[in-house]
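Structure file entry-v6.cif (mmCIF, C-alpha atoms) is printed below.
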```
data_model
#
loop_
_atom_site.label_atom_id
_atom_site.label_comp_id
_atom_site.auth_asym_id
_atom_site.auth_seq_id
_atom_site.Cartn_x
_atom_site.Cartn_y
_atom_site.Cartn_z
CA MET R 1 73.72 -113.87 -130.43
CA SER R 2 72.49 -110.31 -130.86
CA ILE R 3 69.20 -108.59 -131.69
CA VAL R 4 69.11 -105.61 -134.05
CA ARG R 5 66.24 -103.23 -133.72
CA ILE R 6 65.77 -100.29 -136.08
CA ARG R 7 64.36 -97.09 -134.59
CA ARG R 8 62.20 -94.91 -136.70
CA GLY R 9 61.17 -91.40 -135.65
CA ALA R 10 59.35 -88.46 -137.21
CA ALA R 11 62.60 -87.18 -138.61
CA ASP R 12 63.32 -90.52 -140.11
CA GLU R 13 60.00 -90.59 -141.76
CA ALA R 14 60.58 -87.10 -143.07
CA ASN R 15 63.97 -88.09 -144.33
CA ALA R 16 62.45 -91.13 -145.84
CA ASN R 17 60.07 -88.98 -147.69
CA HIS R 18 62.97 -86.85 -148.89
CA GLY R 19 65.22 -89.84 -149.74
CA GLY R 20 67.28 -89.87 -146.54
CA ALA R 21 66.27 -93.39 -145.44
CA MET R 22 69.75 -94.75 -146.12
CA ASP R 23 71.13 -93.40 -142.83
CA ARG R 24 69.75 -95.42 -139.88
CA GLU R 25 70.99 -96.09 -136.32
CA ILE R 26 71.31 -99.84 -135.44
CA VAL R 27 71.15 -100.83 -131.74
CA ARG R 28 72.62 -104.29 -130.70
CA ARG R 29 71.40 -106.14 -127.53
CA ARG R 30 73.74 -108.98 -126.10
CA LEU R 31 73.09 -111.90 -123.54
CA PRO R 32 74.26 -111.26 -120.01
CA LEU R 33 77.67 -112.72 -119.05
CA ALA R 34 76.13 -114.79 -116.21
CA TRP R 35 73.87 -116.54 -118.70
CA LYS R 36 76.81 -117.44 -120.87
CA ALA R 37 78.74 -118.86 -117.88
CA ALA R 38 75.74 -120.95 -116.81
CA ILE R 39 75.28 -122.42 -120.26
CA GLY R 40 78.99 -123.27 -120.57
CA GLY R 41 79.03 -124.96 -117.16
CA ALA R 42 76.00 -127.04 -118.06
CA VAL R 43 77.65 -128.19 -121.28
CA LEU R 44 80.83 -129.20 -119.42
CA LEU R 45 78.82 -131.02 -116.75
CA PHE R 46 76.93 -133.04 -119.34
CA ALA R 47 80.19 -133.88 -121.10
CA ALA R 48 81.79 -135.10 -117.84
CA LEU R 49 78.77 -137.20 -116.96
CA GLY R 50 78.79 -138.75 -120.40
CA PHE R 51 82.49 -139.56 -120.19
CA PHE R 52 82.07 -141.06 -116.72
CA TRP R 53 79.13 -143.15 -117.89
CA PHE R 54 80.56 -144.44 -121.13
CA ALA R 55 84.27 -144.63 -120.25
CA PRO R 56 85.59 -148.07 -119.08
CA ARG R 57 86.10 -148.48 -115.33
CA GLY R 58 89.34 -149.79 -113.84
CA ASP R 59 87.64 -152.80 -112.18
CA SER R 60 85.53 -153.72 -115.22
CA GLN R 61 86.15 -154.87 -118.75
CA THR R 62 84.08 -155.19 -121.87
CA ILE R 63 84.32 -158.59 -123.51
CA ASP R 64 82.61 -160.31 -126.41
CA ALA R 65 80.01 -162.71 -125.02
CA SER R 66 80.65 -165.17 -127.88
CA ARG R 67 84.10 -165.88 -126.38
CA LEU R 68 82.60 -167.10 -123.10
CA ALA R 69 80.95 -170.34 -122.03
CA VAL R 70 77.91 -169.55 -119.91
CA SER R 71 76.36 -172.40 -117.90
CA GLU R 72 73.34 -172.67 -115.64
CA VAL R 73 73.27 -173.81 -112.03
CA THR R 74 71.10 -176.94 -111.80
CA ARG R 75 70.00 -179.55 -109.30
CA GLY R 76 70.98 -183.16 -109.91
CA THR R 77 72.86 -186.20 -108.63
CA PHE R 78 76.59 -185.87 -108.11
CA ASP R 79 78.61 -188.96 -108.97
CA ASP R 80 81.75 -188.72 -106.86
CA PHE R 81 84.44 -190.15 -109.12
CA VAL R 82 87.60 -189.01 -110.85
CA PRO R 83 88.71 -190.18 -114.32
CA LEU R 84 92.29 -191.42 -114.57
CA ARG R 85 94.66 -192.58 -117.27
CA ALA R 86 96.37 -195.66 -115.86
CA ARG R 87 99.46 -197.41 -117.21
CA VAL R 88 99.69 -201.20 -117.26
CA THR R 89 102.70 -202.46 -115.28
CA PRO R 90 103.68 -206.01 -114.25
CA LEU R 91 102.50 -206.84 -110.75
CA LEU R 92 105.95 -208.14 -109.80
CA THR R 93 109.23 -207.00 -111.37
CA VAL R 94 112.60 -208.43 -110.31
CA TYR R 95 115.74 -206.75 -111.62
CA ILE R 96 118.83 -208.72 -112.66
CA ASP R 97 122.21 -207.19 -111.80
CA ALA R 98 125.71 -208.47 -112.41
CA VAL R 99 126.84 -209.32 -108.87
CA GLU R 100 130.41 -209.66 -110.12
CA GLY R 101 131.86 -207.99 -113.16
CA GLY R 102 133.26 -210.01 -116.04
CA ARG R 103 133.29 -210.76 -119.73
CA VAL R 104 130.21 -212.36 -121.31
CA GLU R 105 131.29 -215.76 -122.59
CA LYS R 106 127.97 -217.35 -123.47
CA MET R 107 124.33 -216.35 -123.93
CA LEU R 108 121.78 -219.04 -123.17
CA VAL R 109 118.45 -217.17 -123.63
CA GLU R 110 117.19 -214.23 -125.65
CA ASP R 111 115.36 -211.09 -124.58
CA GLY R 112 111.61 -211.71 -124.20
CA ALA R 113 111.99 -215.39 -123.35
CA THR R 114 110.02 -217.02 -120.55
CA VAL R 115 112.43 -218.41 -117.95
CA ALA R 116 112.14 -220.66 -114.90
CA LYS R 117 113.52 -219.91 -111.48
CA ASP R 118 117.31 -220.50 -111.21
CA GLN R 119 117.56 -221.09 -114.95
CA LEU R 120 121.02 -220.26 -116.33
CA ILE R 121 120.75 -217.31 -118.73
CA ALA R 122 124.38 -216.26 -119.31
CA MET R 123 127.94 -217.15 -118.32
CA LEU R 124 130.74 -214.70 -117.47
CA SER R 125 134.46 -215.07 -116.96
CA ASN R 126 136.69 -213.17 -114.54
CA PRO R 127 140.24 -214.60 -114.10
CA ASP R 128 141.13 -212.15 -111.33
CA LEU R 129 138.09 -213.17 -109.32
CA GLN R 130 138.85 -216.85 -109.84
CA LEU R 131 142.47 -216.47 -108.64
CA SER R 132 141.37 -214.35 -105.68
CA THR R 133 138.80 -216.97 -104.74
CA LEU R 134 141.42 -219.74 -104.88
CA ARG R 135 143.77 -217.71 -102.66
CA ASP R 136 141.00 -217.02 -100.19
CA GLN R 137 140.04 -220.67 -100.17
CA ALA R 138 143.64 -221.76 -99.45
CA GLU R 139 144.00 -219.21 -96.65
CA VAL R 140 140.72 -220.19 -95.08
CA GLU R 141 141.53 -223.87 -95.22
CA GLN R 142 144.91 -223.17 -93.60
CA GLN R 143 143.29 -221.28 -90.76
CA ILE R 144 140.71 -224.00 -90.32
CA ASN R 145 143.46 -226.64 -90.13
CA SER R 146 145.29 -224.54 -87.53
CA MET R 147 142.17 -224.27 -85.42
CA ARG R 148 141.56 -227.98 -85.70
CA SER R 149 145.09 -228.55 -84.39
CA GLN R 150 144.29 -226.29 -81.43
CA GLU R 151 141.11 -228.21 -80.83
CA LEU R 152 143.09 -231.45 -80.89
CA ALA R 153 145.63 -230.05 -78.38
CA LEU R 154 142.83 -228.95 -76.08
CA SER R 155 141.24 -232.36 -76.32
CA GLN R 156 144.54 -234.03 -75.47
CA THR R 157 145.00 -231.72 -72.48
CA ARG R 158 141.51 -232.62 -71.29
CA LEU R 159 142.32 -236.30 -71.58
CA ALA R 160 145.61 -235.81 -69.71
CA ASN R 161 143.80 -234.04 -66.88
CA GLU R 162 141.26 -236.81 -66.67
CA ARG R 163 144.06 -239.39 -66.60
CA ALA R 164 145.86 -237.47 -63.82
CA VAL R 165 142.69 -237.34 -61.73
CA LEU R 166 142.13 -241.06 -62.19
CA GLU R 167 145.72 -241.85 -61.21
CA SER R 168 145.51 -239.57 -58.16
CA ARG R 169 142.24 -241.15 -57.09
CA LEU R 170 143.75 -244.63 -57.46
CA ALA R 171 146.90 -243.69 -55.52
CA LEU R 172 144.77 -242.13 -52.78
CA GLU R 173 142.69 -245.28 -52.53
CA LYS R 174 145.83 -247.42 -52.15
CA ALA R 175 147.28 -245.04 -49.54
CA ARG R 176 143.98 -245.14 -47.61
CA ARG R 177 143.93 -248.94 -47.54
CA GLN R 178 147.55 -249.04 -46.39
CA TYR R 179 146.83 -246.49 -43.68
CA ASP R 180 143.77 -248.39 -42.52
CA ARG R 181 145.77 -251.66 -42.24
CA GLU R 182 148.73 -250.19 -40.38
CA LYS R 183 146.82 -247.98 -37.96
CA PRO R 184 145.54 -250.73 -35.58
CA LEU R 185 148.81 -252.62 -35.87
CA ALA R 186 150.83 -249.51 -35.05
CA ALA R 187 148.66 -248.97 -31.99
CA LYS R 188 149.61 -252.48 -30.77
CA GLY R 189 153.28 -252.01 -31.61
CA PHE R 190 153.38 -254.49 -34.49
CA VAL R 191 154.30 -251.72 -36.99
CA PRO R 192 157.19 -249.42 -36.33
CA THR R 193 156.30 -245.85 -35.62
CA LYS R 194 158.46 -244.56 -38.49
CA THR R 195 156.79 -246.88 -40.98
CA PHE R 196 153.30 -245.85 -39.89
CA ALA R 197 154.33 -242.15 -40.03
CA ASP R 198 155.50 -242.62 -43.64
CA THR R 199 152.19 -244.32 -44.49
CA SER R 200 150.25 -241.48 -42.88
CA ASP R 201 152.23 -238.85 -44.77
CA GLN R 202 151.74 -240.72 -48.03
CA PHE R 203 148.00 -240.85 -47.43
CA ASP R 204 147.85 -237.06 -46.81
CA TYR R 205 149.93 -236.41 -49.91
CA GLU R 206 147.72 -238.50 -52.16
CA ARG R 207 144.61 -236.79 -50.84
CA LYS R 208 146.05 -233.33 -51.51
CA ARG R 209 147.37 -234.44 -54.91
CA LEU R 210 143.86 -235.53 -55.89
CA GLU R 211 142.43 -232.18 -54.81
CA VAL R 212 145.04 -230.35 -56.90
CA ALA R 213 144.36 -232.56 -59.92
CA GLN R 214 140.62 -231.95 -59.62
CA ARG R 215 141.09 -228.17 -59.35
CA THR R 216 143.44 -228.24 -62.34
CA GLN R 217 140.91 -230.24 -64.33
CA ALA R 218 138.09 -227.81 -63.41
CA ASN R 219 140.11 -224.72 -64.36
CA ASP R 220 141.35 -226.26 -67.59
CA GLU R 221 137.85 -227.40 -68.45
CA LYS R 222 136.49 -223.88 -68.04
CA MET R 223 139.24 -222.35 -70.18
CA GLN R 224 139.07 -225.12 -72.75
CA SER R 225 135.30 -224.75 -73.13
CA SER R 226 135.67 -221.04 -73.78
CA GLN R 227 138.51 -221.57 -76.23
CA LEU R 228 136.65 -224.33 -78.02
CA ASP R 229 133.57 -222.11 -78.41
CA GLN R 230 135.73 -219.32 -79.84
CA LEU R 231 137.52 -221.71 -82.19
CA ARG R 232 134.23 -223.17 -83.41
CA ALA R 233 132.78 -219.66 -83.97
CA SER R 234 135.90 -218.67 -85.88
CA ALA R 235 135.72 -221.84 -87.91
CA SER R 236 132.07 -221.17 -88.71
CA SER R 237 132.90 -217.60 -89.76
CA LEU R 238 135.71 -218.83 -91.98
CA GLN R 239 133.42 -221.41 -93.49
CA SER R 240 130.90 -218.65 -94.22
CA SER R 241 133.64 -216.54 -95.82
CA LEU R 242 134.65 -219.49 -97.92
CA ALA R 243 131.00 -220.01 -98.93
CA ILE R 244 130.73 -216.33 -99.91
CA ALA R 245 133.88 -216.63 -101.97
CA HIS R 246 132.42 -219.65 -103.78
CA ALA R 247 129.10 -217.79 -104.19
CA ASN R 248 130.91 -214.83 -105.77
CA LEU R 249 132.60 -217.22 -108.13
CA ASP R 250 129.28 -218.89 -108.90
CA ALA R 251 127.75 -215.43 -109.51
CA LEU R 252 129.63 -215.41 -112.82
CA ASN R 253 126.89 -217.80 -113.94
CA LEU R 254 123.86 -215.51 -114.27
CA ARG R 255 120.60 -217.19 -113.27
CA ALA R 256 116.96 -216.12 -113.25
CA PRO R 257 115.99 -215.23 -109.65
CA VAL R 258 112.28 -215.90 -110.31
CA ALA R 259 110.11 -217.38 -113.02
CA GLY R 260 108.64 -214.97 -115.56
CA GLN R 261 109.27 -213.10 -118.78
CA LEU R 262 112.77 -211.76 -119.36
CA SER R 263 112.94 -208.20 -120.70
CA GLY R 264 115.57 -205.52 -121.19
CA PHE R 265 118.21 -208.26 -121.59
CA ASN R 266 120.43 -206.81 -124.31
CA VAL R 267 123.95 -208.00 -123.40
CA GLN R 268 126.18 -209.48 -126.11
CA VAL R 269 128.91 -212.12 -126.15
CA GLY R 270 132.27 -210.46 -125.49
CA GLN R 271 130.72 -207.51 -123.66
CA SER R 272 132.36 -206.50 -120.38
CA LEU R 273 129.98 -205.95 -117.49
CA GLN R 274 130.75 -203.86 -114.44
CA ARG R 275 130.04 -205.08 -110.94
CA GLY R 276 126.46 -204.19 -109.99
CA GLU R 277 125.49 -203.27 -113.57
CA ARG R 278 121.79 -203.84 -114.39
CA ILE R 279 121.35 -206.18 -117.32
CA GLY R 280 117.62 -206.90 -117.40
CA GLN R 281 114.46 -207.66 -115.47
CA ILE R 282 111.90 -210.43 -115.09
CA ASP R 283 108.20 -209.58 -115.06
CA SER R 284 105.56 -211.77 -113.47
CA PRO R 285 103.68 -213.50 -116.31
CA GLY R 286 99.94 -212.90 -116.62
CA HIS R 287 99.67 -210.65 -113.55
CA ASN R 288 99.55 -206.87 -113.95
CA LYS R 289 98.75 -203.78 -111.96
CA LEU R 290 97.89 -200.20 -112.91
CA ILE R 291 99.82 -197.05 -112.06
CA ALA R 292 97.87 -193.78 -112.37
CA GLY R 293 98.61 -190.13 -111.75
CA VAL R 294 95.99 -188.25 -109.71
CA ASP R 295 95.62 -184.47 -109.40
CA GLU R 296 97.03 -183.20 -106.09
CA PHE R 297 93.57 -181.72 -105.32
CA TYR R 298 92.44 -185.28 -104.43
CA LEU R 299 95.43 -186.18 -102.23
CA GLY R 300 93.37 -186.06 -99.04
CA ARG R 301 90.45 -187.98 -100.56
CA VAL R 302 92.16 -191.02 -102.04
CA ALA R 303 92.59 -193.96 -99.66
CA VAL R 304 93.80 -197.55 -99.89
CA GLY R 305 90.92 -199.91 -100.68
CA GLN R 306 88.85 -197.51 -102.80
CA LYS R 307 87.28 -199.17 -105.83
CA ALA R 308 87.78 -198.35 -109.50
CA GLU R 309 86.26 -199.50 -112.79
CA LEU R 310 87.57 -199.71 -116.32
CA GLU R 311 86.22 -200.93 -119.62
CA THR R 312 88.31 -202.60 -122.32
CA GLY R 313 87.43 -205.05 -125.04
CA GLY R 314 83.74 -204.49 -124.39
CA GLN R 315 83.97 -205.79 -120.82
CA ARG R 316 84.11 -204.11 -117.44
CA TYR R 317 86.76 -204.89 -114.87
CA ARG R 318 87.12 -203.89 -111.24
CA ALA R 319 90.22 -202.80 -109.35
CA GLN R 320 91.14 -201.24 -106.03
CA VAL R 321 93.79 -198.86 -104.69
CA THR R 322 96.60 -200.81 -103.05
CA LYS R 323 99.28 -198.15 -102.56
CA ILE R 324 99.53 -194.34 -102.50
CA TYR R 325 102.74 -192.44 -103.25
CA PRO R 326 102.23 -189.05 -101.49
CA GLN R 327 105.13 -187.30 -103.25
CA VAL R 328 103.66 -184.64 -105.58
CA GLN R 329 105.40 -184.02 -108.90
CA ASN R 330 104.08 -181.73 -111.63
CA GLY R 331 100.82 -181.32 -109.71
CA GLN R 332 100.13 -185.07 -109.45
CA PHE R 333 100.75 -188.00 -107.11
CA GLN R 334 100.87 -191.69 -108.06
CA ILE R 335 98.71 -194.61 -106.95
CA ASP R 336 98.83 -198.38 -107.56
CA LEU R 337 95.68 -200.31 -108.47
CA GLN R 338 95.32 -204.08 -108.54
CA PHE R 339 92.59 -205.99 -110.33
CA ILE R 340 89.81 -207.64 -108.36
CA GLY R 341 89.01 -210.96 -109.94
CA ALA R 342 89.68 -211.45 -113.64
CA GLU R 343 92.25 -209.33 -115.47
CA PRO R 344 91.91 -208.03 -119.05
CA GLN R 345 93.46 -210.36 -121.59
CA GLY R 346 95.91 -209.16 -124.19
CA VAL R 347 97.02 -205.96 -122.43
CA GLN R 348 100.68 -205.10 -122.78
CA ARG R 349 103.11 -203.42 -120.44
CA GLY R 350 103.02 -199.65 -120.94
CA GLN R 351 99.50 -199.64 -122.39
CA THR R 352 97.19 -196.94 -121.01
CA LEU R 353 93.59 -197.52 -119.92
CA GLN R 354 90.78 -195.18 -118.86
CA VAL R 355 89.82 -195.76 -115.22
CA ARG R 356 87.04 -194.30 -113.07
CA LEU R 357 88.13 -194.09 -109.42
CA THR R 358 85.13 -193.88 -107.09
CA LEU R 359 85.64 -191.48 -104.18
CA GLY R 360 82.16 -191.59 -102.60
CA ASP R 361 78.50 -192.54 -103.04
CA PRO R 362 76.17 -190.58 -105.42
CA SER R 363 74.22 -187.80 -103.66
CA PRO R 364 71.81 -184.93 -104.64
CA ALA R 365 73.51 -181.55 -105.04
CA ARG R 366 73.54 -178.20 -106.83
CA LEU R 367 75.76 -178.55 -109.88
CA ILE R 368 77.64 -176.45 -112.39
CA PRO R 369 79.57 -177.86 -115.35
CA ASN R 370 83.25 -178.46 -114.72
CA GLY R 371 85.22 -175.79 -116.57
CA ALA R 372 88.66 -174.28 -116.92
CA PHE R 373 87.68 -171.35 -114.67
CA TYR R 374 88.46 -173.54 -111.64
CA ASN R 375 92.17 -173.53 -112.41
CA GLU R 376 92.30 -169.74 -111.95
CA THR R 377 89.85 -169.28 -109.09
CA GLY R 378 90.45 -172.45 -107.07
CA GLY R 379 86.69 -172.58 -106.52
CA ALA R 380 86.70 -169.48 -104.30
CA TRP R 381 84.77 -167.19 -106.66
CA ILE R 382 83.03 -167.10 -110.03
CA PHE R 383 81.51 -164.59 -112.47
CA VAL R 384 77.71 -164.61 -112.25
CA VAL R 385 75.81 -163.35 -115.31
CA ALA R 386 73.07 -160.77 -114.72
CA PRO R 387 69.48 -161.74 -115.61
CA ASP R 388 69.54 -159.46 -118.68
CA GLY R 389 72.74 -161.10 -119.90
CA ARG R 390 74.53 -157.78 -120.45
CA SER R 391 76.99 -158.01 -117.57
CA ALA R 392 78.60 -160.38 -115.08
CA VAL R 393 79.92 -159.69 -111.57
CA LYS R 394 82.43 -161.53 -109.40
CA ARG R 395 80.86 -163.42 -106.50
CA GLN R 396 82.44 -165.36 -103.64
CA VAL R 397 81.25 -168.98 -103.64
CA ARG R 398 82.07 -172.27 -101.94
CA LEU R 399 82.50 -175.25 -104.23
CA GLY R 400 82.95 -178.86 -103.16
CA ARG R 401 83.61 -182.10 -104.95
CA ARG R 402 84.48 -182.35 -108.62
CA ASN R 403 84.27 -185.03 -111.26
CA GLU R 404 84.85 -185.08 -114.99
CA ASN R 405 81.57 -183.33 -115.80
CA PHE R 406 80.33 -181.34 -112.80
CA ILE R 407 81.34 -179.39 -109.70
CA GLU R 408 79.29 -179.49 -106.51
CA VAL R 409 78.05 -176.07 -105.27
CA LEU R 410 78.00 -175.78 -101.49
CA ASP R 411 77.17 -172.09 -101.08
CA GLY R 412 76.85 -168.84 -103.03
CA LEU R 413 74.80 -169.93 -106.06
CA ASP R 414 71.14 -170.82 -106.55
CA PRO R 415 69.59 -173.08 -109.18
CA GLY R 416 68.70 -171.14 -112.33
CA GLU R 417 71.55 -168.63 -112.06
CA ARG R 418 74.02 -168.51 -114.92
CA VAL R 419 77.79 -168.43 -114.50
CA ILE R 420 80.84 -168.18 -116.75
CA THR R 421 82.72 -171.52 -116.78
CA SER R 422 85.25 -170.81 -119.55
CA PRO R 423 88.83 -169.68 -118.73
CA TYR R 424 89.24 -166.28 -117.08
CA THR R 425 92.44 -165.46 -118.90
CA GLY R 426 92.84 -161.70 -119.31
CA PHE R 427 90.12 -160.61 -116.89
CA ALA R 428 90.62 -162.63 -113.72
CA ASP R 429 91.56 -159.41 -111.87
CA LYS R 430 88.29 -157.64 -112.78
CA ASP R 431 85.19 -157.40 -110.60
CA ARG R 432 82.69 -156.74 -113.38
CA LEU R 433 82.37 -157.71 -117.02
CA VAL R 434 80.33 -155.89 -119.66
CA LEU R 435 79.15 -158.50 -122.13
CA ALA R 436 79.05 -157.17 -125.68
CA ASN R 437 76.70 -158.78 -128.20
CA PRO R 438 74.91 -160.89 -125.60
#
```

Translate this file's structure into structure tokens.
Amino acid sequence: MSIVRIRRGAADEANANHGGAMDREIVRRRLPLAWKAAIGGAVLLFAALGFFWFAPRGDSQTIDASRLAVSEVTRGTFDDFVPLRARVTPLLTVYIDAVEGGRVEKMLVEDGATVAKDQLIAMLSNPDLQLSTLRDQAEVEQQINSMRSQELALSQTRLANERAVLESRLALEKARRQYDREKPLAAKGFVPTKTFADTSDQFDYERKRLEVAQRTQANDEKMQSSQLDQLRASASSLQSSLAIAHANLDALNLRAPVAGQLSGFNVQVGQSLQRGERIGQIDSPGHNKLIAGVDEFYLGRVAVGQKAELETGGQRYRAQVTKIYPQVQNGQFQIDLQFIGAEPQGVQRGQTLQVRLTLGDPSPARLIPNGAFYNETGGAWIFVVAPDGRSAVKRQVRLGRRNENFIEVLDGLDPGERVITSPYTGFADKDRLVLANP
């Protein structure tokens, strides 16, 4: 910017009067350099401030408010329950396996039939097993006969020992009577000394012979008792082996282990079954239980005996937790529930029912709606919307129990405040949100 000032003097006026006004001296005046520098710096400063103010920050993000679900913190009653999808399962299931392999010769019932306990359902054949059983039976019977012969020999030995003791006792008694008769006579000289000496020796011999016979009988009795016990134990074991062999042979006739409904029984005549192969199962008729998957978040809060409710066919039914499987798979653990009282009629195995598992009594609390934000924050923090609705900031909170509809607020939020309960996908790492089009 410059200022032009035209100087006019006396000579100029004279020249103007004589036509010389065309030649004039123009003087230009410029701004000082310091002024120019100050103005330029101010412009740059304002530009930097504007960029800093309007440019997005690294810990913030602008997001369309219409994409978010904003909910208000309220006071109310917290119903401590968790909704579950439970699967109907028979209360008692017994599996049927082929104890022995073989070829299916005859089918006596069809899949889905109701069977009684020990009812014959199929017949198998296995020639190798039959021959093996006959061989085992012959061998066992031979061993049993051999042991019976040993028992008989031991019994005869016992009888012989008893007979020897009786004979020794009788001979000793005779020798004693003879000794008693001859002793006073020998003292008076009526019996020769040699004769009395022979009688005395015979008496001593019979006494010692009786003692030997009694010791022999006692020792033999001890050994025979031990041998007889061992033989009887062996015979019992062989009898058990023979019974097992017959049981294996009888296992070719497949029977129902319990009464109930037969299912999964799809074998055909002529089919070969392997040993131990599963061929079906029997479900308890009219008695069912429920199996439900529960989020691992509730693992420490679910206990045996807790009550549950379900509604089907326009009626309510009650159940209780009877078993907890603590193994967590895919973020869930399994529980068993049994009905209390009447069971729903007409439910089928595999059918799913909606169940409300009660974890605690209702209580007053600060509440926020249950939303998908919890999956990303774990209840440790939440975005709180400013009163003007133009922004939201991250705040540390402490949340408690959850149910299908609400989450209990323990600390960090007051009634009336608004929070974002929709998913935090894309901005979970931000500390501040700028809400566009609030």

For CA of Leu359 (chain R) and CA of Asp336 (chain R), the interatomic separation in Å (one decimal)
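About the pair CA of Leu359 (chain R) and CA of Asp336 (chain R): they are 15.3 Å apart.
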
Test item: the PyMOL selection byres ((chain R and resi 233-238) around 10) resolved as a PyMOL selection string
chain R and resi 136-137+139-141+143-148+227-232+239-244

Taking (90.5, -204.0, -111.7) as a centre in this file's frame and 8 Å as the limit, can you find every polymer residue with an atom that close, using all atoms listed in the file, and give them as a PyMOL selection string?
chain R and resi 308-310+317-320+337-343

For the file shown, report as JSON, numbers by chain the outcome of the PyMOL selection byres ((chain R and resi 122-133) around 12) at residue level.
{"R": [96, 97, 98, 99, 100, 101, 102, 103, 104, 105, 106, 107, 108, 109, 110, 111, 118, 119, 120, 121, 134, 135, 136, 137, 138, 139, 140, 241, 242, 243, 244, 245, 246, 247, 248, 249, 250, 251, 252, 253, 254, 255, 256, 265, 266, 267, 268, 269, 270, 271, 272, 273, 274, 275, 279, 280]}

Shell of 12 Å around Thr199 (chain R), only C-alpha atoms, local chain residues under 2 positions omitted, as an NGL selection string
:R and (172 or 174-183 or 186 or 191-197 or 201-206)

Taking C-alpha atoms for each residue, export the selection above as a compact mmCIF listing (two decimals), in the frame of the given file.
```
# COMPACT_ATOMS: atom_id res chain seq x y z
CA LEU R 172 144.77 -242.13 -52.78
CA LYS R 174 145.83 -247.42 -52.15
CA ALA R 175 147.28 -245.04 -49.54
CA ARG R 176 143.98 -245.14 -47.61
CA ARG R 177 143.93 -248.94 -47.54
CA GLN R 178 147.55 -249.04 -46.39
CA TYR R 179 146.83 -246.49 -43.68
CA ASP R 180 143.77 -248.39 -42.52
CA ARG R 181 145.77 -251.66 -42.24
CA GLU R 182 148.73 -250.19 -40.38
CA LYS R 183 146.82 -247.98 -37.96
CA ALA R 186 150.83 -249.51 -35.05
CA VAL R 191 154.30 -251.72 -36.99
CA PRO R 192 157.19 -249.42 -36.33
CA THR R 193 156.30 -245.85 -35.62
CA LYS R 194 158.46 -244.56 -38.49
CA THR R 195 156.79 -246.88 -40.98
CA PHE R 196 153.30 -245.85 -39.89
CA ALA R 197 154.33 -242.15 -40.03
CA ASP R 201 152.23 -238.85 -44.77
CA GLN R 202 151.74 -240.72 -48.03
CA PHE R 203 148.00 -240.85 -47.43
CA ASP R 204 147.85 -237.06 -46.81
CA TYR R 205 149.93 -236.41 -49.91
CA GLU R 206 147.72 -238.50 -52.16
```

Could you add whatever atoms are missing so that region 63-71 of chain R carries N, CA, C and O atoms, then write the result as a compact mmCIF listing (two decimals), in the frame of the given file?
```txt
# COMPACT_ATOMS: atom_id res chain seq x y z
N ILE R 63 83.85 -157.39 -122.83
CA ILE R 63 84.32 -158.59 -123.51
C ILE R 63 83.20 -159.14 -124.37
O ILE R 63 82.01 -159.02 -124.04
N ASP R 64 83.58 -159.74 -125.49
CA ASP R 64 82.61 -160.31 -126.41
C ASP R 64 82.00 -161.56 -125.78
O ASP R 64 82.72 -162.49 -125.40
N ALA R 65 80.69 -161.59 -125.67
CA ALA R 65 80.01 -162.71 -125.02
C ALA R 65 80.21 -164.01 -125.79
O ALA R 65 80.13 -165.10 -125.21
N SER R 66 80.47 -163.94 -127.09
CA SER R 66 80.65 -165.17 -127.88
C SER R 66 81.93 -165.91 -127.50
O SER R 66 82.09 -167.10 -127.82
N ARG R 67 82.86 -165.25 -126.81
CA ARG R 67 84.10 -165.88 -126.38
C ARG R 67 83.92 -166.68 -125.09
O ARG R 67 84.83 -167.41 -124.69
N LEU R 68 82.80 -166.52 -124.42
CA LEU R 68 82.60 -167.10 -123.10
C LEU R 68 81.67 -168.30 -123.16
O LEU R 68 80.79 -168.38 -124.03
N ALA R 69 81.87 -169.22 -122.22
CA ALA R 69 80.95 -170.34 -122.03
C ALA R 69 80.11 -170.05 -120.80
O ALA R 69 80.64 -169.95 -119.69
N VAL R 70 78.83 -169.87 -120.99
CA VAL R 70 77.91 -169.55 -119.91
C VAL R 70 77.09 -170.79 -119.60
O VAL R 70 76.49 -171.39 -120.49
N SER R 71 77.07 -171.19 -118.32
CA SER R 71 76.36 -172.40 -117.90
C SER R 71 75.39 -172.06 -116.78
O SER R 71 75.56 -171.07 -116.05
```
